[in-house]
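Data first, discussion second: the structure below is written as structure tokens.
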Amino acid sequence: MQQFDYKDHHPSFLPEGKKWKLVWNDEFDGTELDRTKWDYRLSMMGKRHPAWTDKAVHLDGNSNAVFTVIEEDGRPVSSQLQTGCNFMDEPVTATKFVNDHLQWNIGKLKEPLFTHTYGYYECRCKLQQMPDNRWWSAFWLQSPIIGASLDPAESGTELDIMECFKYGKIAAHNAFTGGYGLDMKRAKVGGVDNFDMEQFHRFGMLWDETGYTFYIDGREDGHIDQYVSRRPQFILLTTEVRGYRFENHQPTPESYEVIGKDAFIVDYVRVFDQVD
């Protein structure tokens with residue numbers, strides 16, 4: 001892998017044989033989250049999601065974004081950051097078409113802060129430290145209009161660059177398309193067991209016309225040549241307390257143990273374009 005040095009920050013590891021230019025990044029310098037780059041994800045599929053808050057991530061003054069679990073209304077919750085949004089996420093409010101009482105079943109749309117097509121996407125982070133069944137972390141991309149058609153080139157694909165649901169395990173990298181209902185399709189590749197959770201690691205993905213190639217610490221961890229999106233997509237850094245997606249929508253008993261005692265720490269997120 002090529003090494004890209006950025007000022008006084010840790011370098012990026014970039015795929016060999018190509019020239020690269022940095023097109024978007026956040027080094028999380030300072031003490032305040034840059035709201036021109038990030039918004040909070042608070043709703044999912046038309047409903048306010050009870051697991052998420054806009055108060056559980058902060059900058060530590062040492063160029064890190066620190067995600068934690070806090071208590072709100074007696075429950076453990078955490079934060080999700082995104083540079084855009086899914087058109088289906090915002091809750092629906094009552095609407096009329098001129099004078100007709102017809103319901104448009106999509107909530108208020110937002111302008112994205114950053115979307116991009118193709119390139120190399122990389123995050124350097126240190127994963128959560130507590131055992132399973134408490135909370136999880138992820139670095140991924142999503143299309144603003146995923147599921148709006150059956151064509152992934154047109155409506156996009158969810159791309160899971162890093163997901164850590166269990167201590168010591170990096171889940172397989174996913175490409176989901178067709179939305180999240182009857183038309184959903186999935187391809188997956190890679191993943192690591194017995195992963196060193198004590199250190200910072202780099203998780204990357206090269207997205208080009210051939211598909212998606214995933215990297216962990218500069219080493220290739222699989223390629224997916226299906227469901228290639230041509231749609232500009234947005235970046236997400238997310239954490240979530242376990243249990244809220246189960247049928248009873250309640251946090252697991254173990255998740256209460258995490259409040260104020262664990263962290264998902266992100267050093268940087270960078271996006272590079274290939275230079276001809």
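By order in the structure tokens, chains are A, B, ...; within a chain, residues start at 1; ligands start at 1, following the order shown.
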- Task: Please give the complete set of residues from segment 24-185 of chain A that DSSP, run on the backbone, assigns to alpha helix (DSSP H), formatted as a PyMOL selection string.
- Result: chain A and resi 152-155
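All residues of segment 216-275 of chain A that DSSP, run on the backbone, classes as strand (DSSP E or B) are A:Ile216, A:Arg219, A:Glu220, A:Asp221, A:Gly222, A:His223, A:Ile224, A:Gln233, A:Phe234, A:Ile235, A:Leu236, A:Leu237, A:Thr238, A:Thr239, A:Glu240, A:Val241, A:Phe264, A:Ile265, A:Val266, A:Asp267, A:Tyr268, A:Val269, A:Arg270, A:Val271, A:Phe272, A:Asp273, A:Gln274, A:Val275.
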- Task: Compile the contact shell of Met44 of chain A as number ranges by chain: residues with an atom at most 8 Å away, counting only C-alpha atoms, same-chain residues fewer than 6 positions apart removed.
- Result: A: 88-90
- Query: Quick one: residues within 8 Å of Gly147 of chain A, only C-alpha atoms counted, chain neighbours fewer than 2 positions away excluded, as a ChimeraX atom specification?
  - Reply: /A:145,149-150,155-156,177-180,183-184
- Message: Could you check the closest approach to Val23 of chain A for each of A:Phe195, A:Tyr120, A:Phe165, A:Phe176 and tell me which residue wins, using only C-alpha atoms?
- Response: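 Under the stated criterion, the closest residue is A:Tyr120.
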